[in-house]
Structure formats: structure tokens, C-alpha cells
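What's in protein12.pdb: PDB, C-alpha atoms
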ATOM      1  CA  MET F 294      18.047  -9.250  -5.982
ATOM      2  CA  THR F 295      20.892 -10.776  -3.988
ATOM      3  CA  THR F 296      21.684  -9.780  -0.413
ATOM      4  CA  LYS F 297      25.080  -8.520  -1.579
ATOM      5  CA  SER F 298      23.614  -6.196  -4.224
ATOM      6  CA  TYR F 299      20.895  -5.038  -1.826
ATOM      7  CA  GLU F 300      23.487  -4.042   0.781
ATOM      8  CA  ALA F 301      25.591  -2.292  -1.858
ATOM      9  CA  GLY F 302      22.527  -0.318  -2.845
ATOM     10  CA  ARG F 303      21.862   0.583   0.780
ATOM     11  CA  ARG F 304      25.399   1.945   1.163
ATOM     12  CA  THR F 305      24.918   4.117  -1.921
ATOM     13  CA  LEU F 306      21.648   5.491  -0.548
ATOM     14  CA  VAL F 307      23.130   6.255   2.857
ATOM     15  CA  THR F 308      25.881   8.251   1.138
ATOM     16  CA  GLU F 309      23.277  10.156  -0.858
ATOM     17  CA  LEU F 310      21.283  10.961   2.285
ATOM     18  CA  GLU F 311      24.371  12.354   3.984
ATOM     19  CA  ARG F 312      24.494  14.902   1.147
ATOM     20  CA  VAL F 313      20.680  15.427   1.180
ATOM     21  CA  PRO F 314      19.248  14.222  -2.145
ATOM     22  CA  PRO F 315      17.941  16.655  -4.782
ATOM     23  CA  GLY F 316      14.324  17.594  -4.196
ATOM     24  CA  VAL F 317      14.503  16.976  -0.438
ATOM     25  CA  ASP F 318      14.059  19.886   1.970
ATOM     26  CA  PRO F 319      16.097  19.020   5.100
ATOM     27  CA  ASN F 320      13.806  21.249   7.182
ATOM     28  CA  VAL F 321      10.601  19.370   6.287
ATOM     29  CA  PRO F 322       9.874  15.960   7.853
ATOM     30  CA  SER F 323       8.860  13.035   5.687
ATOM     31  CA  SER F 324       6.392  10.413   6.879
ATOM     32  CA  ALA F 325       8.363   7.735   5.020
ATOM     33  CA  ARG F 326      11.625   8.703   6.717
ATOM     34  CA  VAL F 327      10.031   9.064  10.183
ATOM     35  CA  TYR F 328       8.618   5.554   9.768
ATOM     36  CA  ASP F 329      12.029   4.306   8.612
ATOM     37  CA  TYR F 330      13.576   5.718  11.799
ATOM     38  CA  LEU F 331      10.952   4.017  13.981
ATOM     39  CA  LEU F 332      11.683   0.725  12.227
ATOM     40  CA  GLY F 333      15.409   1.122  12.912
ATOM     41  CA  GLY F 334      16.394   2.040   9.357
ATOM     42  CA  LYS F 335      19.155   4.382   8.208
ATOM     43  CA  ASP F 336      17.458   6.544   5.580
ATOM     44  CA  HIS F 337      16.320   9.616   7.509
ATOM     45  CA  LEU F 338      17.391  13.165   8.288
ATOM     46  CA  ALA F 339      17.699  15.129  11.518
ATOM     47  CA  ILE F 340      14.221  16.640  11.113
ATOM     48  CA  ASP F 341      12.703  13.157  10.782
ATOM     49  CA  ARG F 342      14.504  11.927  13.884
ATOM     50  CA  ALA F 343      13.305  14.978  15.827
ATOM     51  CA  VAL F 344       9.664  14.246  14.956
ATOM     52  CA  ALA F 345      10.043  10.586  15.848
ATOM     53  CA  GLU F 346      11.721  11.371  19.170
ATOM     54  CA  LYS F 347       8.906  13.756  20.146
ATOM     55  CA  LEU F 348       6.447  10.965  19.520
ATOM     56  CA  LEU F 349       8.558   8.429  21.414
ATOM     57  CA  ALA F 350       8.734  10.804  24.380
ATOM     58  CA  VAL F 351       4.961  10.509  24.923
ATOM     59  CA  ALA F 352       4.399   7.099  23.302
ATOM     60  CA  PRO F 353       7.528   4.997  23.928
ATOM     61  CA  ASP F 354       5.899   1.908  22.426
ATOM     62  CA  SER F 355       5.638   3.559  18.984
ATOM     63  CA  ARG F 356       8.593   1.538  17.694
ATOM     64  CA  LEU F 357       6.744  -1.655  18.555
ATOM     65  CA  VAL F 358       3.578  -0.312  16.918
ATOM     66  CA  ALA F 359       5.577   0.431  13.749
ATOM     67  CA  ARG F 360       6.917  -3.116  13.798
ATOM     68  CA  ALA F 361       3.411  -4.493  14.363
ATOM     69  CA  ASN F 362       2.127  -2.440  11.430
ATOM     70  CA  ARG F 363       4.873  -3.866   9.265
ATOM     71  CA  ARG F 364       4.154  -7.403  10.425
ATOM     72  CA  PHE F 365       0.454  -6.906   9.654
ATOM     73  CA  GLN F 366       1.359  -5.867   6.112
ATOM     74  CA  VAL F 367       3.687  -8.821   5.595
ATOM     75  CA  GLU F 368       1.221 -11.343   7.005
ATOM     76  CA  ALA F 369      -1.619  -9.946   4.890
ATOM     77  CA  VAL F 370       0.228 -10.049   1.557
ATOM     78  CA  ARG F 371       1.672 -13.490   2.261
ATOM     79  CA  HIS F 372      -1.823 -14.785   2.971
ATOM     80  CA  LEU F 373      -3.206 -13.231  -0.212
ATOM     81  CA  ALA F 374      -0.367 -14.637  -2.307
ATOM     82  CA  VAL F 375      -1.146 -18.091  -0.894
ATOM     83  CA  GLN F 376      -4.782 -17.496  -1.891
ATOM     84  CA  GLY F 377      -3.675 -16.878  -5.484
ATOM     85  CA  ILE F 378      -3.233 -13.096  -5.770
ATOM     86  CA  ARG F 379      -0.328 -12.364  -8.129
ATOM     87  CA  GLN F 380      -0.530  -8.553  -8.495
ATOM     88  CA  PHE F 381       0.169  -5.983  -5.784
ATOM     89  CA  ILE F 382       0.092  -2.171  -5.808
ATOM     90  CA  ASP F 383       1.707  -0.703  -2.693
ATOM     91  CA  LEU F 384       0.609   2.934  -2.304
ATOM     92  CA  GLY F 385       2.711   5.088  -0.007
ATOM     93  CA  THR F 386       5.262   2.322   0.214
ATOM     94  CA  GLY F 387       7.878   4.267   2.172
ATOM     95  CA  ILE F 388      11.541   3.278   2.536
ATOM     96  CA  PRO F 389      11.944  -0.415   1.623
ATOM     97  CA  THR F 390      12.379  -2.657   4.651
ATOM     98  CA  SER F 391      13.422  -6.272   4.310
ATOM     99  CA  PRO F 392      11.499  -8.358   3.662
ATOM    100  CA  SER F 393       9.934  -6.083   1.050
ATOM    101  CA  ILE F 394       6.533  -6.893  -0.402
ATOM    102  CA  HIS F 395       7.956  -8.436  -3.564
ATOM    103  CA  GLU F 396      10.306 -10.601  -1.494
ATOM    104  CA  VAL F 397       7.413 -11.881   0.630
ATOM    105  CA  VAL F 398       4.998 -12.674  -2.181
ATOM    106  CA  ARG F 399       7.642 -14.151  -4.462
ATOM    107  CA  GLU F 400       8.520 -16.659  -1.776
ATOM    108  CA  VAL F 401       4.988 -17.924  -2.369
ATOM    109  CA  HIS F 402       5.035 -17.606  -6.167
ATOM    110  CA  PRO F 403       7.910 -16.166  -8.228
ATOM    111  CA  ALA F 404       5.552 -14.752 -10.868
ATOM    112  CA  CYS F 405       4.055 -12.149  -8.508
ATOM    113  CA  ARG F 406       4.270  -8.579  -9.804
ATOM    114  CA  VAL F 407       4.577  -5.518  -7.563
ATOM    115  CA  ILE F 408       4.236  -1.769  -8.109
ATOM    116  CA  TYR F 409       5.638   0.528  -5.403
ATOM    117  CA  VAL F 410       4.213   4.066  -5.338
ATOM    118  CA  ASP F 411       5.419   6.989  -3.224
ATOM    119  CA  TYR F 412       5.914  10.726  -3.763
ATOM    120  CA  ASP F 413       9.082  10.971  -1.620
ATOM    121  CA  PRO F 414      12.303  11.456  -3.691
ATOM    122  CA  VAL F 415      14.218   9.216  -1.275
ATOM    123  CA  VAL F 416      11.812   6.366  -2.006
ATOM    124  CA  ARG F 417      12.344   6.994  -5.736
ATOM    125  CA  MET F 418      16.094   6.628  -5.156
ATOM    126  CA  HIS F 419      15.478   3.271  -3.532
ATOM    127  CA  ALA F 420      13.385   2.157  -6.476
ATOM    128  CA  GLN F 421      16.125   3.132  -8.926
ATOM    129  CA  VAL F 422      18.963   1.502  -6.983
ATOM    130  CA  LEU F 423      17.363  -1.490  -5.287
ATOM    131  CA  LEU F 424      14.893  -2.602  -7.943
ATOM    132  CA  ALA F 425      17.133  -2.153 -10.983
ATOM    133  CA  ASP F 426      17.618  -5.910 -11.427
ATOM    134  CA  SER F 427      14.141  -7.057 -10.333
ATOM    135  CA  PRO F 428      11.950  -7.703 -13.399
ATOM    136  CA  GLY F 429       8.242  -7.579 -12.618
ATOM    137  CA  VAL F 430       8.804  -4.989  -9.877
ATOM    138  CA  GLU F 431       8.499  -1.259 -10.575
ATOM    139  CA  GLY F 432       8.780   1.929  -8.548
ATOM    140  CA  VAL F 433       6.660   4.982  -9.395
ATOM    141  CA  GLN F 434       7.033   8.458  -7.923
ATOM    142  CA  ALA F 435       3.466   9.748  -7.677
ATOM    143  CA  ASP F 436       1.000  11.289  -5.256
ATOM    144  CA  LEU F 437      -1.695   9.054  -3.770
ATOM    145  CA  ARG F 438      -4.043  12.059  -3.890
ATOM    146  CA  ARG F 439      -4.054  11.791  -7.699
ATOM    147  CA  PRO F 440      -5.209   8.199  -8.195
ATOM    148  CA  GLU F 441      -6.130   8.614 -11.859
ATOM    149  CA  GLU F 442      -2.539   9.614 -12.660
ATOM    150  CA  ILE F 443      -1.262   6.488 -10.910
ATOM    151  CA  LEU F 444      -3.747   4.256 -12.696
ATOM    152  CA  ALA F 445      -2.718   5.765 -16.053
ATOM    153  CA  ASP F 446       1.029   5.548 -15.411
ATOM    154  CA  PRO F 447       2.688   3.371 -18.083
ATOM    155  CA  HIS F 448       4.623   1.412 -15.442
ATOM    156  CA  VAL F 449       1.313   0.485 -13.812
ATOM    157  CA  THR F 450      -0.589  -0.252 -17.013
ATOM    158  CA  GLY F 451       2.370  -2.229 -18.348
ATOM    159  CA  LEU F 452       2.626  -4.465 -15.287
ATOM    160  CA  ILE F 453      -0.871  -4.725 -13.789
ATOM    161  CA  ASP F 454      -3.783  -6.474 -15.520
ATOM    162  CA  PHE F 455      -6.927  -5.000 -13.993
ATOM    163  CA  ASP F 456      -9.014  -7.762 -15.579
ATOM    164  CA  GLN F 457      -7.443 -10.060 -12.974
ATOM    165  CA  PRO F 458      -7.611  -9.776  -9.155
ATOM    166  CA  VAL F 459      -5.182  -7.299  -7.634
ATOM    167  CA  CYS F 460      -4.217  -6.386  -4.081
ATOM    168  CA  VAL F 461      -4.055  -2.645  -3.367
ATOM    169  CA  LEU F 462      -2.154  -1.690  -0.211
ATOM    170  CA  MET F 463      -2.753   1.568   1.660
ATOM    171  CA  VAL F 464      -0.813   0.731   4.800
ATOM    172  CA  GLY F 465      -0.157   3.661   7.129
ATOM    173  CA  VAL F 466      -0.815   6.255   4.425
ATOM    174  CA  LEU F 467      -4.426   7.492   4.421
ATOM    175  CA  HIS F 468      -4.005   9.265   7.759
ATOM    176  CA  PHE F 469      -1.779  11.691   5.831
ATOM    177  CA  VAL F 470      -4.730  12.511   3.564
ATOM    178  CA  MET F 471      -6.875  15.307   4.956
ATOM    179  CA  ASP F 472     -10.681  15.162   4.851
ATOM    180  CA  GLU F 473     -10.881  17.795   2.104
ATOM    181  CA  GLU F 474      -8.603  15.580  -0.029
ATOM    182  CA  ASP F 475     -11.298  12.867   0.028
ATOM    183  CA  PRO F 476      -9.637   9.664   1.258
ATOM    184  CA  ALA F 477     -12.811   7.657   0.558
ATOM    185  CA  GLY F 478     -12.779   8.906  -3.028
ATOM    186  CA  ILE F 479      -9.159   7.796  -3.404
ATOM    187  CA  VAL F 480     -10.064   4.285  -2.272
ATOM    188  CA  ALA F 481     -13.085   4.320  -4.601
ATOM    189  CA  ALA F 482     -10.950   5.294  -7.620
ATOM    190  CA  PHE F 483      -8.934   2.091  -7.185
ATOM    191  CA  ARG F 484     -11.949   0.028  -6.226
ATOM    192  CA  LYS F 485     -13.701   0.910  -9.484
ATOM    193  CA  ARG F 486     -10.786  -0.652 -11.396
ATOM    194  CA  MET F 487     -10.684  -3.814  -9.266
ATOM    195  CA  VAL F 488     -12.479  -7.009 -10.282
ATOM    196  CA  PRO F 489     -14.142  -9.423  -7.813
ATOM    197  CA  GLY F 490     -11.545 -11.375  -5.891
ATOM    198  CA  SER F 491      -9.365  -8.293  -5.457
ATOM    199  CA  HIS F 492      -8.346  -7.093  -1.995
ATOM    200  CA  LEU F 493      -7.643  -3.872  -0.104
ATOM    201  CA  VAL F 494      -5.049  -3.919   2.703
ATOM    202  CA  LEU F 495      -5.315  -0.793   4.850
ATOM    203  CA  SER F 496      -4.047   0.485   8.195
ATOM    204  CA  HIS F 497      -4.652   3.857   9.806
ATOM    205  CA  ALA F 498      -3.693   5.914  12.881
ATOM    206  CA  MET F 499      -6.677   6.035  15.199
ATOM    207  CA  ALA F 500      -8.474   8.755  17.112
ATOM    208  CA  GLU F 501      -8.656   6.220  19.948
ATOM    209  CA  SER F 502      -4.916   6.759  20.532
ATOM    210  CA  ALA F 503      -3.760   8.472  23.749
ATOM    211  CA  PRO F 504      -4.591  12.217  23.586
ATOM    212  CA  GLU F 505      -0.986  13.108  24.500
ATOM    213  CA  ALA F 506       0.386  11.116  21.562
ATOM    214  CA  ILE F 507      -2.082  12.723  19.145
ATOM    215  CA  ALA F 508      -1.297  16.221  20.433
ATOM    216  CA  GLN F 509       2.479  15.769  20.271
ATOM    217  CA  LEU F 510       2.478  14.260  16.785
ATOM    218  CA  THR F 511       0.033  16.876  15.490
ATOM    219  CA  MET F 512       2.120  19.733  16.883
ATOM    220  CA  ALA F 513       5.398  18.318  15.553
ATOM    221  CA  THR F 514       4.121  17.824  12.002
ATOM    222  CA  ALA F 515       1.604  20.677  11.521
ATOM    223  CA  GLY F 516       1.741  22.079   8.005
ATOM    224  CA  SER F 517       4.220  19.459   6.739
ATOM    225  CA  PRO F 518       3.734  16.414   4.489
ATOM    226  CA  ALA F 519       3.917  14.285   7.650
ATOM    227  CA  GLN F 520       0.845  15.979   9.157
ATOM    228  CA  GLY F 521      -1.763  13.368  10.052
ATOM    229  CA  ARG F 522      -5.506  13.062  10.586
ATOM    230  CA  PHE F 523      -6.446  10.619  13.333
ATOM    231  CA  ARG F 524      -9.787   8.996  12.455
ATOM    232  CA  SER F 525     -12.178   6.981  14.588
ATOM    233  CA  HIS F 526     -12.839   3.281  14.143
ATOM    234  CA  ASP F 527     -16.185   4.033  12.466
ATOM    235  CA  GLU F 528     -14.559   6.565  10.123
ATOM    236  CA  VAL F 529     -11.922   4.074   9.031
ATOM    237  CA  LEU F 530     -14.559   1.390   8.528
ATOM    238  CA  THR F 531     -16.215   3.608   5.905
ATOM    239  CA  LEU F 532     -13.012   3.442   3.852
ATOM    240  CA  PHE F 533     -13.803  -0.257   3.346
ATOM    241  CA  ASP F 534     -17.199   0.501   1.774
ATOM    242  CA  GLY F 535     -17.854  -2.108  -0.897
ATOM    243  CA  PHE F 536     -15.358  -4.570   0.584
ATOM    244  CA  GLU F 537     -16.028  -7.525   2.870
ATOM    245  CA  LEU F 538     -13.592  -7.607   5.788
ATOM    246  CA  ILE F 539     -11.792 -10.928   6.186
ATOM    247  CA  GLY F 540     -10.015 -12.443   9.173
ATOM    248  CA  PRO F 541     -10.536 -10.581  12.460
ATOM    249  CA  GLY F 542     -11.877  -7.435  10.743
ATOM    250  CA  LEU F 543     -10.581  -3.942  11.512
ATOM    251  CA  VAL F 544      -8.520  -4.310  14.683
ATOM    252  CA  PRO F 545      -5.278  -2.962  16.189
ATOM    253  CA  VAL F 546      -2.476  -4.150  13.916
ATOM    254  CA  GLN F 547      -0.816  -6.164  16.676
ATOM    255  CA  ASP F 548      -4.060  -8.169  16.960
ATOM    256  CA  TRP F 549      -4.602  -8.805  13.237
ATOM    257  CA  HIS F 550      -3.765 -12.417  12.468
ATOM    258  CA  ILE F 551      -5.194 -14.811   9.930
ATOM    259  CA  ASP F 552      -2.567 -17.532  10.305
ATOM    260  CA  ALA F 553      -2.075 -19.191  13.689
ATOM    261  CA  ASP F 554       1.724 -19.216  13.405
ATOM    262  CA  ASP F 555       1.866 -15.415  13.132
ATOM    263  CA  ALA F 556      -0.230 -14.991  16.285
ATOM    264  CA  ALA F 557       2.194 -17.043  18.376
ATOM    265  CA  ILE F 558       4.629 -14.202  19.136
ATOM    266  CA  PRO F 559       2.899 -11.021  20.377
ATOM    267  CA  LEU F 560       4.790  -7.761  19.883
ATOM    268  CA  LEU F 561       2.804  -5.794  22.466
ATOM    269  CA  ASP F 562       1.434  -6.999  25.779
ATOM    270  CA  ARG F 563      -0.795  -3.968  26.450
ATOM    271  CA  PRO F 564      -2.739  -1.391  24.398
ATOM    272  CA  PRO F 565      -0.261   1.136  22.941
ATOM    273  CA  GLN F 566      -0.569   4.892  23.299
ATOM    274  CA  LEU F 567      -0.334   5.302  19.522
ATOM    275  CA  ARG F 568      -2.996   3.011  18.103
ATOM    276  CA  ILE F 569      -2.992   1.846  14.493
ATOM    277  CA  ASP F 570      -5.813  -0.354  13.233
ATOM    278  CA  GLY F 571      -5.572  -2.566  10.191
ATOM    279  CA  GLY F 572      -7.875  -4.650   8.066
ATOM    280  CA  VAL F 573      -8.122  -6.554   4.805
ATOM    281  CA  GLY F 574     -11.179  -6.242   2.579
ATOM    282  CA  ARG F 575     -12.222  -8.540  -0.258
ATOM    283  CA  LEU F 576     -14.209  -7.325  -3.249
ATOM    284  CA  SER F 577     -16.960  -9.832  -3.980
ATOM    285  CA  ALA F 578     -19.142 -10.186  -7.060
ATOM    286  CA  GLY F 579     -22.119  -8.814  -5.160
ATOM    287  CA  SER F 580     -20.402  -5.695  -3.818
ATOM    288  CA  PRO F 581     -22.598  -2.597  -4.247
ATOM    289  CA  PRO F 582     -21.327   0.276  -6.386
ATOM    290  CA  TYR F 583     -19.515   3.097  -4.577
ATOM    291  CA  SER F 584     -21.750   6.048  -3.731
ATOM    292  CA  PRO F 585     -20.131   9.168  -2.175
TER     293      PRO F 585
END
Structure translated into C-alpha cells:
Amino acid sequence: MTTKSYEAGRRTLVTELERVPPGVDPNVPSSARVYDYLLGGKDHLAIDRAVAEKLLAVAPDSRLVARANRRFQVEAVRHLAVQGIRQFIDLGTGIPTSPSIHEVVREVHPACRVIYVDYDPVVRMHAQVLLADSPGVEGVQADLRRPEEILADPHVTGLIDFDQPVCVLMVGVLHFVMDEEDPAGIVAAFRKRMVPGSHLVLSHAMAESAPEAIAQLTMATAGSPAQGRFRSHDEVLTLFDGFELIGPGLVPVQDWHIDADDAAIPLLDRPPQLRIDGGVGRLSAGSPPYSP
């Protein structure tokens, strides 16, 4: 997609958001749109900005954390594309931010294929408008909590060959999955379809964040789709069961680097109040079967 067509698509989407798209409740915050606001995007509503501003009031470095989370994602997929991965499934993709995943990996190899999955109608609009002329890239509106439906979706089965290594991304999404919704089982459903050499890229909001930031974000999003569950480092590590962590392991996203050039420019010079940890796991031939 050219820069000109991308910007034209953005203008169309901004116009749609001013009218509030069908299927969007303007009184309910969206995690995708809150994240878009923190990244400096334009595709958000007043309720999303209100949630983000409450967080920024107690954790002013949250914008930098959002940028660090994005940089972690970009660095991870670029590295995996260099290592030969050609298939990517981005779960909970959120509002596209340039460079998007397909832009990053196709700089490495133009044959890379990407599936974007999100349940937010605004993200679906992006997929329809921005990906219309991008063969090998598909957008699916689906709920991460129903992994079997995603894996059976014809867009996924038509684009992804699960007999070959695949990268599954769950970046900044599993903290919106409550314990009773079985986040480990969601990871396992994808893991069971992945062959050795596949990878999991995951980041998660941490219980080690500042108590004030956790309390403010929890209060602002209670009962909404943006409600989060802050998990401890050990709890997040269990989500990588069956995978071998590569690089620095599971660390704060601003500290995750596997290429020296990416580590040269730090985004944060002190521990943030809102902590997000990230890691990349590789599925090896000797990985034990998942056992709940």
C-alpha cells in the first residue's frame, strides 16, 4: 500500500469516527482505541481519551511505555522474519500504527503473510479500508477468547499453513482476558497447531506496576471491554509453558532487545509506574505437551 492511499484511508476512518461507527457504543471504552490515543493516533472517542487521561494522571510515562511496547513488537517480528518466519497471526492487533506488522516483515521478505485479528469494529474498518490492496494480508473480526473459531476462519486457513512455522502475537492483549476465561488455554489452543520452529510474541501488564496506576486503571475500566487483569511475573511466565524463551527472556518491554542497534536508543531512563513485560518464546521439537 502506498503512503498516499494509506493517508486517504486514514482520512476516511477519521470521518467515520466523528460519526461513531455502527456497532460502537460511545459510552464504552475500547482497549484498542485507548492504546491508539497513548500512541498519538487519531482513532479514538471521548470515553477512550478519558480513560487514558486518568491513567496518565497517575502514570505520566504511560505514553512512553506504549511506545516501548510497540517497539518491542516491531523488533521481535523483524528479528523473526530475518530468521525465516514468513507467517504471522497478530491477535488483538488494535488500530494499525505505522509501521504495521506486514510493513515490517515485508521489508525483510515480500512473501510474508499476515493475519490481523481483533473484535473491535473500528479495527475491522481499518482492515477493510487500509488492507484492501494488500494481497497476503487479511483482517478478521473475531474474539481472542474463542481461539477455535479463529483457527477455523476461512481467511486464516486460506492464508496460514500450519505445517510450516508461524509467529503468533499476543502483544498487550491477554491482560484483558480474565482468569475464568482461561488465558493459558487460549495460548495452548494456538500452540497445539504450531509446529517446531514457531514462535509466540507476548507482552502483558504486570502486577509489579505502581499500585496507584493499577487502582486508577482498574477503576476507570471496571465492567468494560478495557478492564484488565494485572498478573505477576511468575503468572505471565506460565503463559509461555512449552516455549523456550529467547533473547533476554521475559523482561520490561523497554529492556527487551535482541539486536544491538535497537538497544542503542532507550525510551525510558527509569522504571515506569505502569509496567509491561514482554518475551518471545520458540517452540522446539522437544517441547512437552500442554497440560492444564
Non-local contacts of Val416 (chain F) (12 Å; all atoms listed in the file; under 3 positions in same chain excluded) as a ChimeraX atom specification: /F:303,306,310,314,316-317,323-326,329,336-337,384-390,409-413,419-424,431-435
Among listed residues F:Arg371, F:Arg342, F:Arg364, F:Arg399, nearest Pro545 (chain F) (using only C-alpha atoms):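 So, comparing all the options, the nearest one is F:Arg364.
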What separation in Å, quoted to one decimal, exists between CA of Pro489 (chain F) and CA of Gly572 (chain F)? 17.7 Å
Could you tell me which residues the PyMOL selection byres ((chain F and resi 379) around 7) grabs in this file, written as JSON, numbers by chain? {"F": [374, 377, 378, 380, 381, 404, 405, 406]}
To one decimal place in Å, what is the distance between CA of Glu501 (chain F) and CA of Ala339 (chain F)? 29.1 Å
Using all atoms listed in the file, which residue out of F:Asp552, F:Asp426, F:Glu442, F:Asp570 lies closest to Leu495 (chain F)? F:Asp570
Tell me, in Å to one decimal, how far CA of Asp383 (chain F) is from CA of Phe365 (chain F).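 We find that CA of Asp383 (chain F) and CA of Phe365 (chain F) lie 13.9 Å from each other.
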Would you mind telling me which residue in F:Val466, F:Val344, F:Val401, F:Val529 lies nearest to Ala515 (chain F) when using all atoms listed in the file? F:Val344
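If you measure from each of F:Gln547, F:Ile408, F:Arg363, F:Ala482 to Asp446 (chain F) using only C-alpha atoms, the closest one turns out to be F:Ile408.
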Need the shell around Thr511 (chain F): protein/DNA/RNA residues with any atom at most 8 Å away, counting all atoms listed in the file. Skip same-chain ones fewer than 3 positions apart. Format as a ChimeraX atom specification? /F:507-508,514-515,520-521
So, counting all atoms listed in the file, which residue among F:Arg484, F:His497, F:Lys335, F:His550 is closest to Pro458 (chain F)?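 For Pro458 (chain F), the nearest of the given residues is F:Arg484.
Polymer residues near (10.6, 8.9, 20.8): counting all atoms listed in the file with a cut-off of 12 Å, they are Val327, Tyr328, Tyr330, Leu331, Leu332, Asp341, Arg342, Ala343, Val344, Ala345, Glu346, Lys347, Leu348, Leu349, Ala350, Val351, Ala352, Pro353, Asp354, Ser355, Arg356, Leu357, Ala506, Gln509, Leu510, Ala513 and Leu567 of chain F.
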Please determine an axis-aligned box that encloses all atoms of region 323-326 of chain F listed in the file, with 8 Å added on each side, and express its centre and edge lengths in Å to one decimal as AutoDock Vina command-line options.
--center_x 9.0 --center_y 10.4 --center_z 5.9 --size_x 21.2 --size_y 21.3 --size_z 17.9
For the provided coordinates, the residues matched by the PyMOL selection byres ((chain F and resi 440) around 10) should be stated as a list of chain:residue names.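 Evaluating the PyMOL selection byres ((chain F and resi 440) around 10) on this file yields F:Leu384, F:Ala435, F:Asp436, F:Leu437, F:Arg438, F:Arg439, F:Glu441, F:Glu442, F:Ile443, F:Leu444, F:Ala445, F:Asp446, F:Gly478, F:Ile479, F:Val480, F:Ala481, F:Ala482, F:Phe483.
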Evaluate the PyMOL selection byres ((chain F and resi 532) around 8) here and jot the selected residues down as an MDAnalysis selection string. chainID F and resid 476:477 480 528:531 533:534
Write a file of the just-selected residues containing C-alpha atoms, as a compact mmCIF listing (two decimals), in the coordinates of the input.
# COMPACT_ATOMS: atom_id res chain seq x y z
CA PRO F 476 -9.64 9.66 1.26
CA ALA F 477 -12.81 7.66 0.56
CA VAL F 480 -10.06 4.28 -2.27
CA GLU F 528 -14.56 6.56 10.12
CA VAL F 529 -11.92 4.07 9.03
CA LEU F 530 -14.56 1.39 8.53
CA THR F 531 -16.22 3.61 5.90
CA PHE F 533 -13.80 -0.26 3.35
CA ASP F 534 -17.20 0.50 1.77
